[in-house]
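See below for the structure under consideration.
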Amino acid sequence: MTAQTERETEAAESAKRAEKVDFKMITFSLAGKEYGVDIMNVKEIAKAGRFTYVPNASPFVRGVYNLRGEIISVIDLRIFFHLPAERKEEEALESLIILKIDEHVFGVIVDAIDKVVGIASVSIQPPHPIFGDINVKYIKGIVENGGKLYIILDVEKIFAPERAEDAPKAGPSDARGAPSPREAEAAVNAGAGGDISASFVKETLAAFRGFYVTGINEEWFAGRYAEWKAVRKDSDLQLKEASEADEFLEGFWSPDTGALWDDDYASAVEAALPPIEAKSINVWNPGCGKGYETWALACVMRKRYPDARIKIWANDSDLLAISMAPNMVFPESIPEYYRPFTAKGRNGLVFAQAVRDSIFFEFHDVMNANTLPPLDIILCRDMLSFVAPIDQKRLLGDFYDKLKPNGIVLCGASERLGEGWSPAGTGAVKAFRRDQ
């Protein structure tokens, strides 16, 4: 083989190697320049905003973000590398690349995300000091593709634990001196004081189950969260699916919630009801669901106030549940407390006509106008916690305005009404009377 033939063969093999695509990268822009990161380090890309602020964190830490139940640190790469960053409106979404480095997940904000580019790894050139915006040690290489020059970042070096000898000597104002790697994650852990994880548990409870943590249930949540932390690893505190939200809420519910109360609880409610001399007693049961608790309260009141004319307005926005509630049939195993108020039906036990006549089941959203007379009793066990905070406030105002001076609100075992209300129940029965 001649020397010329050898050179031609070598050139052909070199060209063939250059055409082989064995490296893919996600490309993006920062301050007018094109960058790329190895796609193997990219978990996903997203548009996101409203990051949760972390106190005492470095300026480049925009906060933390709830990525489907996983709490991740969010770093603004522009500030991280002292590059100019366009100030956006508070509600604006940022371009976010979710990186996975070892077992750690980070979100990095960039100006714009472009596309996936495939190249031959042999075409990557070593970094050069002329690319002075970013410290050369954080650059994997430079590559030209499609008329664009890409700076490939070495994110594993950027976010790797830093050794003392690698620490940048430049001060924070030096555009080439990057802040300490992993400082973002450390800042989140140090600055959050445990509150960030708790705040995201609150958010996921609202997202998965419409449960809102406010002053009504904050005391219960604090205790439950402490229990949750005691039995789960720090990395596993978040609620990643609806079943975990259900597990977290297991201890929240009142006795016999959504069911006929058992003998002991029915007797406890009877003892907690206030003395009422009036011949007509008005009751409101918002969020009555299928009506089990409404029927239970109707029987308790018939026993507590045998001579009074009782009216119970039971509302729910679940059309199927509220349409079935008036015609419920119960098994023979019904608790003994209710037997005096039942009669034999075709398919089981039904409540006597006097009990049936006292309840007005109605399809109604309590967030709309509630035109009711002055009330003696409001039954809303475990209901307020599933109302958005702004609506909780409005509904409590409605309770306060409609309740008679001696009236009570029966709420959930894990709920309290707070300012403007005084406890009026005992034991398992949580009742509140408005302050005069």
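By convention in this document, the chains of the structure tokens carry letters A, B, ... by their order, each chain's residues are numbered from 1, and ligands are numbered from 1 in the order they are shown.
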**Message:** Using only C-alpha atoms, which protein or nucleic acid residues come within 10 Å of Glu156 in chain A? Drop anything in the same chain fewer than 5 positions from it, and give the result as a PyMOL selection string.
**Reply:** chain A and resi 37-38+41+99-102+138+140+161+181
May I have the selected residues written with C-alpha atoms, as a PDB file, in the first residue's frame?
ATOM      1  CA  VAL A  37     -25.400  19.508  28.571  1.00  0.00           C
ATOM      2  CA  ASP A  38     -25.090  15.765  28.189  1.00  0.00           C
ATOM      3  CA  ASN A  41     -27.677  14.084  32.941  1.00  0.00           C
ATOM      4  CA  LEU A  99     -30.677  17.591  36.026  1.00  0.00           C
ATOM      5  CA  LYS A 100     -29.890  14.366  37.845  1.00  0.00           C
ATOM      6  CA  ILE A 101     -26.354  14.149  39.194  1.00  0.00           C
ATOM      7  CA  ASP A 102     -25.710  10.920  41.072  1.00  0.00           C
ATOM      8  CA  TYR A 138     -16.671  23.703  34.343  1.00  0.00           C
ATOM      9  CA  LYS A 140     -16.435  19.852  29.035  1.00  0.00           C
ATOM     10  CA  PRO A 161     -18.924  17.910  46.143  1.00  0.00           C
ATOM     11  CA  PRO A 181     -20.709  23.574  43.784  1.00  0.00           C
TER      12      PRO A 181
END
Would you list the contacts of range 292-302 of chain A as a short mmCIF file (atom, residue, chain, number, x, y, z; two decimals) with C-alpha atoms, in the first residue's frame, taking every protein, DNA or RNA residue within 6 Å and counting only C-alpha atoms, but skipping same-chain residues closer than 2 positions in sequence?
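Full text of selection35.cif as output:
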data_model
loop_
_atom_site.label_atom_id
_atom_site.label_comp_id
_atom_site.auth_asym_id
_atom_site.auth_seq_id
_atom_site.Cartn_x
_atom_site.Cartn_y
_atom_site.Cartn_z
CA ALA A 259 -71.34 7.04 58.79
CA LEU A 260 -74.06 6.56 61.38
CA GLU A 270 -76.49 14.34 72.91
CA LYS A 290 -74.66 10.73 51.65
CA ARG A 304 -82.56 15.50 73.31
CA TYR A 305 -85.49 17.76 72.39
CA PRO A 306 -88.54 15.44 72.24
#
**Request:** Would you return as a ChimeraX atom specification the members of range 114-160 of chain A that DSSP assigns to strand (DSSP E or B) on this structure's backbone?
**Result:** /A:114-119,125,139-145,148-153
**Item:** Non-local contacts of Glu247 in chain A (10 Å; only C-alpha atoms; under 5 positions in same chain excluded) as a ChimeraX atom specification
**Value:** /A:228,239,242
Take the residues from that selection and write them out as a PDB file, in the first residue's frame, keeping C-alpha atoms.
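Result written to selection_20.pdb:
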ATOM      1  CA  TRP A 228     -44.557  11.466  59.770  1.00  0.00           C
ATOM      2  CA  LEU A 239     -46.403  12.802  49.300  1.00  0.00           C
ATOM      3  CA  ALA A 242     -52.824  10.195  46.342  1.00  0.00           C
TER       4      ALA A 242
END
**Message:** Can you tell me which residues surround Ala424 in chain A at a distance of at most 6 Å, considering only C-alpha atoms, apart from same-chain residues fewer than 6 positions away, and format the answer as a list in words?
**Reply:**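 Listed by chain and then number, they are Ala431, Phe432 and Arg433 of chain A.
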Write out the residues from the selection above, keeping N, CA and C atoms, as a PDB file, in the first residue's frame.
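The resulting selection39.pdb:
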ATOM      1  N   ALA A 431     -67.079  21.099  69.809  1.00  0.00           N
ATOM      2  CA  ALA A 431     -68.132  22.072  69.548  1.00  0.00           C
ATOM      3  C   ALA A 431     -67.624  23.449  69.941  1.00  0.00           C
ATOM      4  N   PHE A 432     -68.100  24.470  69.232  1.00  0.00           N
ATOM      5  CA  PHE A 432     -67.688  25.845  69.493  1.00  0.00           C
ATOM      6  C   PHE A 432     -68.890  26.765  69.511  1.00  0.00           C
ATOM      7  N   ARG A 433     -68.819  27.748  70.395  1.00  0.00           N
ATOM      8  CA  ARG A 433     -69.846  28.780  70.514  1.00  0.00           C
ATOM      9  C   ARG A 433     -69.207  30.112  70.164  1.00  0.00           C
TER      10      ARG A 433
END
**Request:** For CA of Asp154 in chain A and CA of Lys47 in chain A, determine how far apart the two atoms are, in Å to one decimal place.
**Result:**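 One can read the CA of Asp154 in chain A to CA of Lys47 in chain A distance as 22.8 Å.
Residue nearest Pro274 in chain A, chosen from A:Asp376, A:Glu218, A:Asp256, A:Asp382 and counting only C-alpha atoms: A:Asp376.
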**Request:** Quick one: pull the distance between CA of Gly223 in chain A and CA of Gly251 in chain A, Å, one decimal.
**Result:**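 Separating CA of Gly223 in chain A from CA of Gly251 in chain A is a distance of 10.3 Å.
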**Message:** Let's see if you can do this: from backbone DSSP, list all alpha helix (DSSP H) residues in range 175-312 of chain A, as a ChimeraX atom specification.
**Reply:** /A:183-192,195-209,218-231,242-248,263-272,292-304
For the contact check between range 28-73 of chain A and range 113-131 of chain A, emit one row per residue of range 28-73 of chain A within 12 Å, containing the shortest atom pair and the distance in Å rounded to one decimal, counting only C-alpha atoms, chain then rising number order, as a Markdown table.
| residue | atom | partner | partner_atom | distance |
| --- | --- | --- | --- | --- |
| A:Phe28 | CA | A:Ile113 | CA | 4.2 |
| A:Ser29 | CA | A:Ile113 | CA | 6.6 |
| A:Leu30 | CA | A:Ile113 | CA | 9.5 |
| A:Lys33 | CA | A:Phe131 | CA | 10.2 |
| A:Glu34 | CA | A:Asp114 | CA | 9.1 |
| A:Tyr35 | CA | A:Ile113 | CA | 9.5 |
| A:Gly36 | CA | A:Val117 | CA | 8.6 |
| A:Val37 | CA | A:Val116 | CA | 9.7 |
| A:Asp38 | CA | A:Val116 | CA | 9.8 |
| A:Ile39 | CA | A:Val116 | CA | 8.0 |
| A:Met40 | CA | A:Val116 | CA | 11.6 |
| A:Val42 | CA | A:Val116 | CA | 11.0 |
| A:Glu44 | CA | A:Ile113 | CA | 11.5 |
| A:Ile45 | CA | A:Ile113 | CA | 8.3 |
| A:Ala46 | CA | A:Ile113 | CA | 9.4 |
| A:Lys47 | CA | A:Ile113 | CA | 9.9 |
**Message:** So that I can check the surroundings of Ile322 in chain A, please list as a PyMOL selection string every protein, DNA and RNA residue that reaches within 9 Å of it, counting only C-alpha atoms and ignoring chain neighbours fewer than 5 positions away.
**Reply:** chain A and resi 288-291+314-317+361-363
Could you turn the residues from that selection into a file that holds C-alpha atoms, as a CSV table (one decimal), in the first residue's frame?
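Okay, this is what ended up in again12.csv:
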chain,number,residue,atom,x,y,z
A,288,CYS,CA,-73.8,16.4,54.4
A,289,GLY,CA,-72.5,13.9,51.7
A,290,LYS,CA,-74.7,10.7,51.7
A,291,GLY,CA,-76.6,11.9,54.7
A,314,ALA,CA,-78.7,19.3,54.8
A,315,ASN,CA,-76.8,20.5,51.7
A,316,ASP,CA,-74.2,19.0,49.4
A,317,SER,CA,-72.9,19.7,45.9
A,361,PHE,CA,-81.9,17.3,51.8
A,362,GLU,CA,-81.0,19.8,49.1
A,363,PHE,CA,-78.5,20.0,46.3
**Prompt:** Contacts of Val61 in chain A at 6 Å or less, counting only C-alpha atoms, minus same-chain residues fewer than 2 places along, as number ranges by chain?
**Reply:** A: 58-59, 63, 74-75, 184
Dump of C-alpha atoms for the selected residues, as a compact mmCIF listing (two decimals), in the first residue's frame:
# COMPACT_ATOMS: atom_id res chain seq x y z
CA SER A 58 -27.32 32.32 48.13
CA PRO A 59 -28.53 34.80 45.45
CA GLY A 63 -35.91 28.58 45.75
CA VAL A 74 -33.69 25.56 41.70
CA ILE A 75 -30.54 27.39 40.60
CA ALA A 184 -27.58 25.45 46.30
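Distance-wise, CA of Glu89 in chain A and CA of Leu67 in chain A end up 21.9 Å apart.
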**Asked** Smallest atom-to-atom distance to Asp401 in chain A: which of A:Asn285, A:Thr426, A:Gln436, A:Ser197, using only C-alpha atoms?
**Response**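 Using only C-alpha atoms, the shortest distance to Asp401 in chain A belongs to A:Gln436.
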**Request:** Measuring atom to atom with only C-alpha atoms, identify which of A:Arg68, A:Asn370, A:Tyr337, A:Leu349 is nearest to Tyr265 in chain A.
**Result:** A:Tyr337
